[in-house]
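Have a look at query_31.pdb; it's PDB, C-alpha atoms:
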ATOM      1  CA  ALA A   1       7.418  -0.495  15.992
ATOM      2  CA  THR A   2       4.350  -2.300  17.343
ATOM      3  CA  ALA A   3       2.270   0.868  17.216
ATOM      4  CA  ASP A   4       3.462   1.620  13.664
ATOM      5  CA  SER A   5       2.386  -1.838  12.541
ATOM      6  CA  ILE A   6      -1.224  -1.390  13.681
ATOM      7  CA  ILE A   7      -1.894   2.294  13.092
ATOM      8  CA  SER A   8      -3.399   1.862   9.629
ATOM      9  CA  ARG A   9      -6.090  -0.473  10.960
ATOM     10  CA  SER A  10      -6.421   0.930  14.483
ATOM     11  CA  LYS A  11      -9.786   2.192  15.691
ATOM     12  CA  ALA A  12      -7.903   4.298  18.221
ATOM     13  CA  ALA A  13      -5.505   6.202  15.969
ATOM     14  CA  SER A  14      -5.078   9.094  18.425
ATOM     15  CA  GLU A  15      -3.966   6.740  21.204
ATOM     16  CA  THR A  16      -1.629   4.879  18.843
ATOM     17  CA  LEU A  17      -0.030   8.111  17.618
ATOM     18  CA  ALA A  18       0.313   9.317  21.217
ATOM     19  CA  ILE A  19       2.133   6.103  22.134
ATOM     20  CA  ILE A  20       4.461   6.539  19.135
ATOM     21  CA  ALA A  21       5.118  10.141  20.235
ATOM     22  CA  LEU A  22       5.972   8.995  23.751
ATOM     23  CA  CYS A  23       8.353   6.315  22.471
ATOM     24  CA  LYS A  24      10.113   8.825  20.234
ATOM     25  CA  PHE A  25      10.372  11.330  23.084
ATOM     26  CA  TYR A  26      12.026   8.758  25.370
ATOM     27  CA  THR A  27      14.539   7.847  22.658
ATOM     28  CA  GLY A  28      15.588  11.451  22.057
ATOM     29  CA  LYS A  29      13.515  12.216  18.940
ATOM     30  CA  SER A  30      11.739  15.238  20.432
ATOM     31  CA  ALA A  31      10.908  17.024  17.174
ATOM     32  CA  GLU A  32       9.296  13.887  15.715
ATOM     33  CA  ALA A  33       7.477  13.298  18.993
ATOM     34  CA  GLU A  34       5.977  16.789  18.870
ATOM     35  CA  GLN A  35       4.694  16.207  15.330
ATOM     36  CA  ASP A  36       3.137  12.831  16.169
ATOM     37  CA  PHE A  37       1.542  14.389  19.234
ATOM     38  CA  LYS A  38       0.012  17.190  17.140
ATOM     39  CA  ASN A  39      -1.411  14.590  14.760
ATOM     40  CA  ALA A  40      -2.882  12.636  17.675
ATOM     41  CA  GLN A  41      -4.310  15.795  19.224
ATOM     42  CA  GLY A  42      -5.937  16.692  15.913
ATOM     43  CA  ILE A  43      -7.839  13.407  15.924
ATOM     44  CA  ASN A  44      -8.979  13.332  19.571
ATOM     45  CA  PRO A  45      -7.699  15.990  21.995
ATOM     46  CA  ALA A  46      -9.808  14.514  24.833
ATOM     47  CA  SER A  47      -8.037  11.136  24.730
ATOM     48  CA  SER A  48      -6.352  10.243  28.033
ATOM     49  CA  PHE A  49      -3.223   9.168  26.162
ATOM     50  CA  VAL A  50      -3.141  12.459  24.248
ATOM     51  CA  MET A  51      -3.490  14.471  27.467
ATOM     52  CA  LEU A  52      -0.761  12.335  29.068
ATOM     53  CA  VAL A  53       1.696  12.991  26.239
ATOM     54  CA  ASP A  54       0.763  16.676  26.185
ATOM     55  CA  GLY A  55       1.604  16.900  29.894
ATOM     56  CA  ILE A  56       4.919  15.097  29.533
ATOM     57  CA  LEU A  57       6.021  17.246  26.580
ATOM     58  CA  LYS A  58       4.979  20.428  28.400
ATOM     59  CA  MET A  59       6.916  19.353  31.486
ATOM     60  CA  ASN A  60       9.996  18.776  29.334
ATOM     61  CA  ARG A  61       9.642  22.329  27.944
ATOM     62  CA  GLY A  62       9.460  23.742  31.477
ATOM     63  CA  GLU A  63       5.751  24.626  31.253
ATOM     64  CA  PHE A  64       5.072  23.116  34.650
ATOM     65  CA  GLU A  65       1.672  24.628  35.461
ATOM     66  CA  GLU A  66       0.210  23.658  32.093
ATOM     67  CA  ALA A  67       1.831  20.231  32.328
ATOM     68  CA  ALA A  68       0.337  19.581  35.754
ATOM     69  CA  GLU A  69      -3.115  20.508  34.492
ATOM     70  CA  GLN A  70      -2.940  18.079  31.566
ATOM     71  CA  LEU A  71      -1.504  15.289  33.692
ATOM     72  CA  ARG A  72      -4.209  15.747  36.321
ATOM     73  CA  PHE A  73      -6.859  15.498  33.583
ATOM     74  CA  ALA A  74      -5.256  12.275  32.333
ATOM     75  CA  GLY A  75      -4.896  10.919  35.864
ATOM     76  CA  GLU A  76      -8.515  11.617  36.725
ATOM     77  CA  ALA A  77      -9.894   9.907  33.623
ATOM     78  CA  ASP A  78     -12.492   7.172  34.045
ATOM     79  CA  SER A  79     -10.691   4.098  35.459
ATOM     80  CA  ARG A  80     -13.630   1.687  35.350
ATOM     81  CA  GLY A  81     -12.630   0.151  32.045
ATOM     82  CA  SER A  82     -10.199  -2.643  31.248
ATOM     83  CA  PRO A  83      -6.644  -2.734  32.661
ATOM     84  CA  ALA A  84      -5.406  -1.372  29.305
ATOM     85  CA  ASP A  85      -7.739   1.616  29.677
ATOM     86  CA  ARG A  86      -6.082   2.485  33.008
ATOM     87  CA  VAL A  87      -2.554   2.700  31.593
ATOM     88  CA  PRO A  88      -2.605   6.466  30.813
ATOM     89  CA  GLN A  89      -4.064   7.169  34.257
ATOM     90  CA  SER A  90      -1.214   5.301  35.984
ATOM     91  CA  LEU A  91       1.429   6.888  33.761
ATOM     92  CA  ALA A  92      -0.022  10.329  34.524
ATOM     93  CA  HIS A  93       0.440   9.746  38.259
ATOM     94  CA  LEU A  94       4.054   8.723  37.631
ATOM     95  CA  ALA A  95       4.708  11.831  35.523
ATOM     96  CA  LEU A  96       3.105  14.044  38.186
ATOM     97  CA  SER A  97       5.383  12.481  40.791
ATOM     98  CA  LYS A  98       8.399  13.539  38.731
ATOM     99  CA  LEU A  99       6.990  17.005  38.142
ATOM    100  CA  TYR A 100       6.189  17.644  41.808
ATOM    101  CA  ARG A 101       9.668  16.497  42.834
ATOM    102  CA  LYS A 102      11.213  18.977  40.428
ATOM    103  CA  GLN A 103       9.010  21.692  41.945
ATOM    104  CA  GLY A 104      10.227  20.813  45.444
ATOM    105  CA  LEU A 105       6.805  19.436  46.460
ATOM    106  CA  PHE A 106       8.082  16.185  47.917
ATOM    107  CA  SER A 107       4.974  15.135  49.852
ATOM    108  CA  GLU A 108       2.859  15.595  46.730
ATOM    109  CA  ALA A 109       5.417  13.630  44.696
ATOM    110  CA  ILE A 110       5.150  10.729  47.130
ATOM    111  CA  GLN A 111       1.348  10.858  47.054
ATOM    112  CA  GLU A 112       1.340  10.573  43.264
ATOM    113  CA  ALA A 113       3.773   7.653  43.439
ATOM    114  CA  HIS A 114       1.415   5.930  45.878
ATOM    115  CA  ALA A 115      -1.502   6.531  43.504
ATOM    116  CA  ALA A 116       0.477   4.975  40.629
ATOM    117  CA  SER A 117       1.477   1.957  42.738
ATOM    118  CA  LYS A 118      -2.165   0.834  42.906
ATOM    119  CA  ASP A 119      -1.629  -0.403  39.360
ATOM    120  CA  LYS A 120       0.606  -3.413  40.045
ATOM    121  CA  ARG A 121       2.148  -3.208  36.560
ATOM    122  CA  PHE A 122       3.813   0.064  37.596
ATOM    123  CA  GLU A 123       4.490  -0.672  41.257
ATOM    124  CA  ALA A 124       8.276  -0.969  40.898
ATOM    125  CA  LYS A 125       8.455   2.323  38.983
ATOM    126  CA  ALA A 126       6.230   4.018  41.562
ATOM    127  CA  LEU A 127       8.445   2.829  44.420
ATOM    128  CA  ALA A 128      11.486   4.123  42.525
ATOM    129  CA  LEU A 129       9.949   7.587  42.176
ATOM    130  CA  GLU A 130       9.038   7.618  45.859
ATOM    131  CA  CYS A 131      12.731   6.957  46.547
ATOM    132  CA  ARG A 132      13.755   9.916  44.384
ATOM    133  CA  ALA A 133      11.424  12.229  46.306
ATOM    134  CA  LEU A 134      12.731  10.987  49.664
ATOM    135  CA  LEU A 135      16.349  11.475  48.574
ATOM    136  CA  ALA A 136      15.641  14.971  47.254
ATOM    137  CA  ASP A 137      13.953  16.029  50.496
ATOM    138  CA  LYS A 138      16.938  17.078  52.585
ATOM    139  CA  SER A 139      14.739  17.687  55.655
ATOM    140  CA  SER A 140      14.314  13.946  56.266
ATOM    141  CA  SER A 141      17.215  12.500  58.279
ATOM    142  CA  ASP A 142      16.018   8.892  58.077
ATOM    143  CA  ALA A 143      15.491   8.959  54.306
ATOM    144  CA  PRO A 144      18.447   6.651  53.397
ATOM    145  CA  ALA A 145      17.064   3.779  55.492
ATOM    146  CA  GLN A 146      13.579   4.245  54.033
ATOM    147  CA  VAL A 147      14.977   4.432  50.516
ATOM    148  CA  LEU A 148      16.986   1.223  50.810
ATOM    149  CA  LYS A 149      13.920  -0.653  52.033
ATOM    150  CA  LEU A 150      11.813   0.660  49.142
ATOM    151  CA  ILE A 151      14.549  -0.115  46.593
ATOM    152  CA  GLN A 152      14.768  -3.708  47.795
ATOM    153  CA  GLN A 153      10.993  -4.031  47.563
ATOM    154  CA  ALA A 154      11.001  -2.611  44.022
ATOM    155  CA  GLU A 155      13.877  -4.854  42.926
ATOM    156  CA  SER A 156      11.835  -7.896  43.917
ATOM    157  CA  LEU A 157       9.173  -6.723  41.439
ATOM    158  CA  ASN A 158      11.235  -5.503  38.460
ATOM    159  CA  ALA A 159      14.965  -5.090  38.965
ATOM    160  CA  SER A 160      15.524  -3.804  35.419
ATOM    161  CA  ASP A 161      13.110  -0.856  35.540
ATOM    162  CA  PRO A 162      15.128   2.196  34.370
ATOM    163  CA  ASP A 163      13.639   4.532  36.997
ATOM    164  CA  LEU A 164      14.568   2.002  39.661
ATOM    165  CA  LEU A 165      18.124   1.702  38.320
ATOM    166  CA  LEU A 166      18.388   5.489  38.380
ATOM    167  CA  SER A 167      16.969   5.754  41.905
ATOM    168  CA  ARG A 168      19.404   3.135  43.143
ATOM    169  CA  ALA A 169      22.214   5.071  41.446
ATOM    170  CA  PHE A 170      21.238   8.257  43.318
ATOM    171  CA  TYR A 171      21.110   6.249  46.541
ATOM    172  CA  GLU A 172      24.614   4.839  45.941
ATOM    173  CA  LEU A 173      25.825   8.343  45.098
ATOM    174  CA  GLU A 174      24.557   9.613  48.461
ATOM    175  CA  ALA A 175      26.474   6.758  50.096
ATOM    176  CA  GLY A 176      29.680   7.778  48.281
ATOM    177  CA  LYS A 177      29.774   4.672  46.073
ATOM    178  CA  LEU A 178      30.572   6.494  42.854
ATOM    179  CA  GLU A 179      31.532   3.556  40.647
ATOM    180  CA  GLU A 180      28.403   1.633  41.585
ATOM    181  CA  ALA A 181      26.315   4.745  40.845
ATOM    182  CA  ARG A 182      28.011   5.095  37.443
ATOM    183  CA  LYS A 183      27.379   1.442  36.531
ATOM    184  CA  LEU A 184      23.696   1.741  37.434
ATOM    185  CA  SER A 185      23.431   4.959  35.437
ATOM    186  CA  ASN A 186      24.924   3.252  32.377
ATOM    187  CA  SER A 187      22.381   0.431  32.685
ATOM    188  CA  SER A 188      19.507   2.895  32.951
ATOM    189  CA  MET A 189      20.771   4.967  30.025
ATOM    190  CA  THR A 190      20.863   1.864  27.828
ATOM    191  CA  ILE A 191      17.091   1.618  28.254
ATOM    192  CA  LEU A 192      16.238   5.338  28.292
ATOM    193  CA  PRO A 193      18.986   7.231  26.433
ATOM    194  CA  ALA A 194      17.199  10.604  26.487
ATOM    195  CA  GLU A 195      16.447  10.967  30.194
ATOM    196  CA  ALA A 196      17.733  14.333  31.468
ATOM    197  CA  ASP A 197      18.017  13.006  35.025
ATOM    198  CA  GLU A 198      20.769  10.650  33.827
ATOM    199  CA  TYR A 199      22.941  13.681  33.105
ATOM    200  CA  LEU A 200      22.040  15.216  36.458
ATOM    201  CA  LEU A 201      23.322  12.055  38.129
ATOM    202  CA  LEU A 202      26.526  11.947  36.074
ATOM    203  CA  SER A 203      27.185  15.609  36.834
ATOM    204  CA  LYS A 204      26.894  14.878  40.549
ATOM    205  CA  ILE A 205      29.298  11.953  40.225
ATOM    206  CA  TYR A 206      31.854  14.177  38.485
ATOM    207  CA  GLY A 207      31.223  16.845  41.115
ATOM    208  CA  GLN A 208      32.219  14.446  43.889
ATOM    209  CA  GLU A 209      35.330  13.608  41.878
ATOM    210  CA  SER A 210      36.143  17.350  41.575
ATOM    211  CA  LYS A 211      36.026  17.131  37.759
ATOM    212  CA  VAL A 212      34.415  20.495  37.117
ATOM    213  CA  ALA A 213      34.704  20.534  33.314
ATOM    214  CA  GLU A 214      33.066  17.103  33.019
ATOM    215  CA  GLN A 215      30.420  18.102  35.549
ATOM    216  CA  LYS A 216      29.500  21.173  33.525
ATOM    217  CA  ALA A 217      29.458  19.194  30.267
ATOM    218  CA  GLU A 218      26.953  16.673  31.655
ATOM    219  CA  LEU A 219      24.652  19.442  32.904
ATOM    220  CA  GLU A 220      24.735  21.107  29.485
ATOM    221  CA  LYS A 221      23.878  17.776  27.818
ATOM    222  CA  GLY A 222      20.903  17.429  30.136
ATOM    223  CA  LEU A 223      19.717  20.956  29.400
ATOM    224  CA  LYS A 224      19.755  20.193  25.669
ATOM    225  CA  LEU A 225      17.078  17.599  26.429
ATOM    226  CA  ALA A 226      15.158  19.661  29.001
ATOM    227  CA  GLU A 227      16.298  23.285  28.773
ATOM    228  CA  LYS A 228      14.172  24.553  31.676
ATOM    229  CA  ASP A 229      14.756  21.681  34.111
ATOM    230  CA  PRO A 230      15.081  23.360  37.541
ATOM    231  CA  GLU A 231      17.334  20.654  39.010
ATOM    232  CA  LEU A 232      19.820  21.003  36.160
ATOM    233  CA  LEU A 233      19.628  24.815  36.231
ATOM    234  CA  PHE A 234      20.240  24.795  39.987
ATOM    235  CA  GLU A 235      23.356  22.653  39.695
ATOM    236  CA  LEU A 236      24.744  24.668  36.773
ATOM    237  CA  GLY A 237      24.026  27.899  38.645
ATOM    238  CA  ARG A 238      25.951  26.553  41.630
ATOM    239  CA  LEU A 239      28.895  25.752  39.359
ATOM    240  CA  TYR A 240      28.984  29.283  37.938
ATOM    241  CA  LEU A 241      28.762  30.766  41.425
ATOM    242  CA  ASN A 242      31.685  28.630  42.599
ATOM    243  CA  ASP A 243      33.592  29.793  39.506
ATOM    244  CA  ASN A 244      33.023  33.445  40.506
ATOM    245  CA  ASN A 245      30.600  34.103  37.652
ATOM    246  CA  ALA A 246      27.854  35.456  39.885
ATOM    247  CA  ALA A 247      25.923  37.225  37.125
ATOM    248  CA  GLN A 248      25.467  34.017  35.125
ATOM    249  CA  ALA A 249      24.630  32.162  38.340
ATOM    250  CA  VAL A 250      21.852  34.674  39.103
ATOM    251  CA  ASN A 251      20.424  34.204  35.612
ATOM    252  CA  LEU A 252      20.322  30.403  35.875
ATOM    253  CA  LEU A 253      19.081  30.312  39.462
ATOM    254  CA  ARG A 254      16.245  32.737  38.708
ATOM    255  CA  GLN A 255      15.139  30.451  35.859
ATOM    256  CA  ALA A 256      15.208  27.488  38.233
ATOM    257  CA  LEU A 257      13.234  29.364  40.886
ATOM    258  CA  GLU A 258      10.477  30.182  38.379
ATOM    259  CA  ARG A 259       9.692  26.463  38.255
ATOM    260  CA  ARG A 260      10.065  25.629  41.937
ATOM    261  CA  VAL A 261       7.303  26.048  44.504
ATOM    262  CA  LYS A 262       9.436  25.239  47.531
ATOM    263  CA  ALA A 263      13.198  25.696  47.282
ATOM    264  CA  PRO A 264      14.977  26.905  50.443
ATOM    265  CA  GLU A 265      18.446  25.835  49.257
ATOM    266  CA  LEU A 266      17.888  27.477  45.874
ATOM    267  CA  CYS A 267      16.788  30.725  47.540
ATOM    268  CA  PHE A 268      19.907  30.672  49.712
ATOM    269  CA  LEU A 269      22.177  30.124  46.716
ATOM    270  CA  LEU A 270      20.430  32.880  44.769
ATOM    271  CA  ALA A 271      20.871  35.204  47.753
ATOM    272  CA  GLU A 272      24.616  34.490  47.766
ATOM    273  CA  ALA A 273      24.823  35.119  44.025
ATOM    274  CA  CYS A 274      22.900  38.403  44.288
ATOM    275  CA  GLU A 275      25.163  39.535  47.125
ATOM    276  CA  LYS A 276      28.241  38.842  45.006
ATOM    277  CA  THR A 277      26.813  40.985  42.184
ATOM    278  CA  GLY A 278      26.302  43.829  44.680
ATOM    279  CA  ASP A 279      22.497  43.590  44.728
ATOM    280  CA  SER A 280      22.000  43.772  48.498
ATOM    281  CA  LYS A 281      18.251  44.335  48.294
ATOM    282  CA  GLU A 282      17.593  41.149  46.308
ATOM    283  CA  SER A 283      20.128  39.248  48.373
ATOM    284  CA  LEU A 284      18.378  40.178  51.620
ATOM    285  CA  LYS A 285      15.010  39.196  50.120
ATOM    286  CA  TYR A 286      16.188  35.726  49.141
ATOM    287  CA  TYR A 287      18.036  35.067  52.415
ATOM    288  CA  LYS A 288      14.777  35.800  54.239
ATOM    289  CA  GLU A 289      12.808  33.704  51.767
ATOM    290  CA  SER A 290      15.144  30.736  52.284
ATOM    291  CA  LEU A 291      14.442  30.817  56.026
ATOM    292  CA  SER A 292      10.693  31.239  55.566
ATOM    293  CA  GLN A 293      10.722  28.142  53.343
ATOM    294  CA  GLY A 294      12.333  26.044  56.067
ATOM    295  CA  LEU A 295      16.083  26.245  55.461
ATOM    296  CA  CYS A 296      17.741  24.255  58.224
ATOM    297  CA  GLY A 297      21.108  23.176  59.566
ATOM    298  CA  GLU A 298      24.381  25.039  59.132
ATOM    299  CA  THR A 299      23.080  26.837  56.049
ATOM    300  CA  SER A 300      20.280  28.473  58.035
ATOM    301  CA  THR A 301      22.878  29.831  60.473
ATOM    302  CA  LYS A 302      24.745  31.349  57.513
ATOM    303  CA  ALA A 303      21.530  32.883  56.200
ATOM    304  CA  LYS A 304      20.749  34.509  59.553
ATOM    305  CA  ALA A 305      24.283  35.908  59.792
ATOM    306  CA  ALA A 306      24.011  37.295  56.238
ATOM    307  CA  ILE A 307      20.681  38.973  57.058
ATOM    308  CA  SER A 308      22.187  40.654  60.125
ATOM    309  CA  ARG A 309      25.196  41.792  58.095
ATOM    310  CA  LEU A 310      23.101  43.229  55.256
ATOM    311  CA  GLU A 311      20.639  44.975  57.546
ATOM    312  CA  LEU A 312      23.470  46.631  59.452
ATOM    313  CA  SER A 313      24.981  47.898  56.210
ATOM    314  CA  LYS A 314      21.753  49.643  55.077
TER     315      LYS A 314
END

So that I can check it, write out the structure of this file as structure tokens.
Amino acid sequence: ATADSIISRSKAASETLAIIALCKFYTGKSAEAEQDFKNAQGINPASSFVMLVDGILKMNRGEFEEAAEQLRFAGEADSRGSPADRVPQSLAHLALSKLYRKQGLFSEAIQEAHAASKDKRFEAKALALECRALLADKSSSDAPAQVLKLIQQAESLNASDPDLLLSRAFYELEAGKLEEARKLSNSSMTILPAEADEYLLLSKIYGQESKVAEQKAELEKGLKLAEKDPELLFELGRLYLNDNNAAQAVNLLRQALERRVKAPELCFLLAEACEKTGDSKESLKYYKESLSQGLCGETSTKAKAAISRLELSK
């Protein structure tokens, strides 16, 4: 509304339109957001705000490589101006943190969160995204303690930040506190109603409650907002595999893998799905790939046993 009120007299119409596009995107008006973005791009495609919005929209469409390129351009823009001039740069680092987490690049996600935290206006949000990366990285055994410390630090800065509410909800979910996670999710969704990660969280809550139909419904809602989101595709693929629909699981998991750089658990699940469809060659390939990407724990033992079994049956 603020941007609308100044656009007719704004000297920076491209930036104003880009801000309107971003607001519409975050409130679920994707088609309108795309049109406003195109209008902004037509005025000044080199604007940092325009490149930022381009990257965010591309990420939402699953065009991760192109999104990363645009977000890096926006993040590397000249930061010597006023604090207002540095806003798109900081937001680009935050968006890159989300993108890298979805690609399984957790160290890179944390680095981008650290870069964003240098702008004190976004420090709470940056800490929240660092928490998400730590929670997603299953190789870190001390992550919960680190996450709680970071959450408490972020809450002292801005307890109502929606990314922080969502990160705390994922933390409570990991601790088995489902009702607390649901309450936090509801609070976050009130602020950002069109965030696909909200539906990922709700699906996980229903999963722990063994409510498969509700779990699937939440994943499908999320995919309507971000149809190529690898985290959502992974979880839906797992559901289909558990429901003995291996062919559909393979389809979804392959789509997820296209957008992941490092994904040992995904490779393992895809190997299981391929084996159930009778594709031993692909199954063997993905079991080996899961180990080469650092699969650990009990799952790695299962992968090694599967490799031995498949190689003996050649």

### Residue members of the PyMOL selection byres ((chain A and resi 192) around 10) in the file shown, as JSON, numbers by chain
{"A": [23, 25, 26, 27, 28, 162, 163, 186, 187, 188, 189, 190, 191, 193, 194, 195, 196, 198]}

### Task
Determine the residue membership of the PyMOL selection byres ((chain A and resi 267-281) around 10) for the file above and supply it as a PyMOL selection string.
chain A and resi 234+237-238+240-242+244-254+256-257+262-266+282-291+293+295+299-300+302-303+306-307+310-311+313-314

### Query
Any idea what the distance is between CA of Ser97 in chain A and CA of Glu112 in chain A?
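These two atoms are separated by 5.1 Å.
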
### Query
Mind telling me what the PyMOL selection byres ((chain A and resi 76) around 10) catches here, as a ChimeraX atom specification?
/A:48,70-75,77-79,88-90,92-93

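Pairwise distance (CA of Phe170 in chain A, CA of Lys204 in chain A) equals 9.1 Å.
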
### Computed interatomic separation between CA of Glu214 in chain A and CA of Leu200 in chain A (Å)
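Straight-line distance from CA of Glu214 in chain A to CA of Leu200 in chain A works out to 11.7 Å.
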
Please give the centre and size of the box around range 254-269 of chain A (axis-aligned, containing every atom listed in the file, 3 Å added per side), with values in Å to one decimal and written as AutoDock Vina command-line options.
--center_x 14.7 --center_y 29.0 --center_z 43.2 --size_x 20.9 --size_y 13.5 --size_z 20.6

### Message
Counting all atoms listed in the file, which residue out of A:Lys98, A:Lys221, A:Arg260, A:Arg182 sits closest to Leu202 in chain A?
### Response
A:Arg182

#### Entry: Given only C-alpha atoms as the counted atoms, nearest of A:Gln103, A:Asn158, A:Ser139, A:Ser117 to Asp229 in chain A
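Using only C-alpha atoms, the shortest distance to Asp229 in chain A belongs to A:Gln103.
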
### Message
Can you tell me which residues surround Asn39 in chain A at a distance of at most 9 Å, considering all atoms listed in the file, apart from same-chain residues fewer than 4 positions away, and format the answer as a count of residues only?
### Response
6

### Query
Which residue out of A:Leu99, A:Ala128, A:Val50, A:Leu232 has the minimum interatomic distance to Ile19 in chain A when all atoms listed in the file are used?
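Of the candidates, the smallest distance to Ile19 in chain A is held by A:Val50.
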
### Query
Of the residues A:Ala136, A:Ala113, A:Leu150, A:Ala217, which is the one nearest to Glu231 in chain A, using all atoms listed in the file?
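Using all atoms listed in the file, the shortest distance to Glu231 in chain A belongs to A:Ala136.
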
### Query
With distances taken over all atoms listed in the file, which of A:Leu223, A:Ser141, A:Tyr171, A:Leu129 is nearest to Ala154 in chain A?
A:Leu129

### Task
Please provide as a ChimeraX atom specification all residues within 9 Å of Gln208 in chain A, with the sequence filter that same-chain residues fewer than 4 positions apart are discarded (counting all atoms listed in the file).
/A:173,176,178,203-204

#### Entry: Nearest residue to Val87 in chain A from the set A:Gln255, A:Leu52, A:Leu57, A:Lys183 (distances using all atoms listed in the file)
A:Leu52
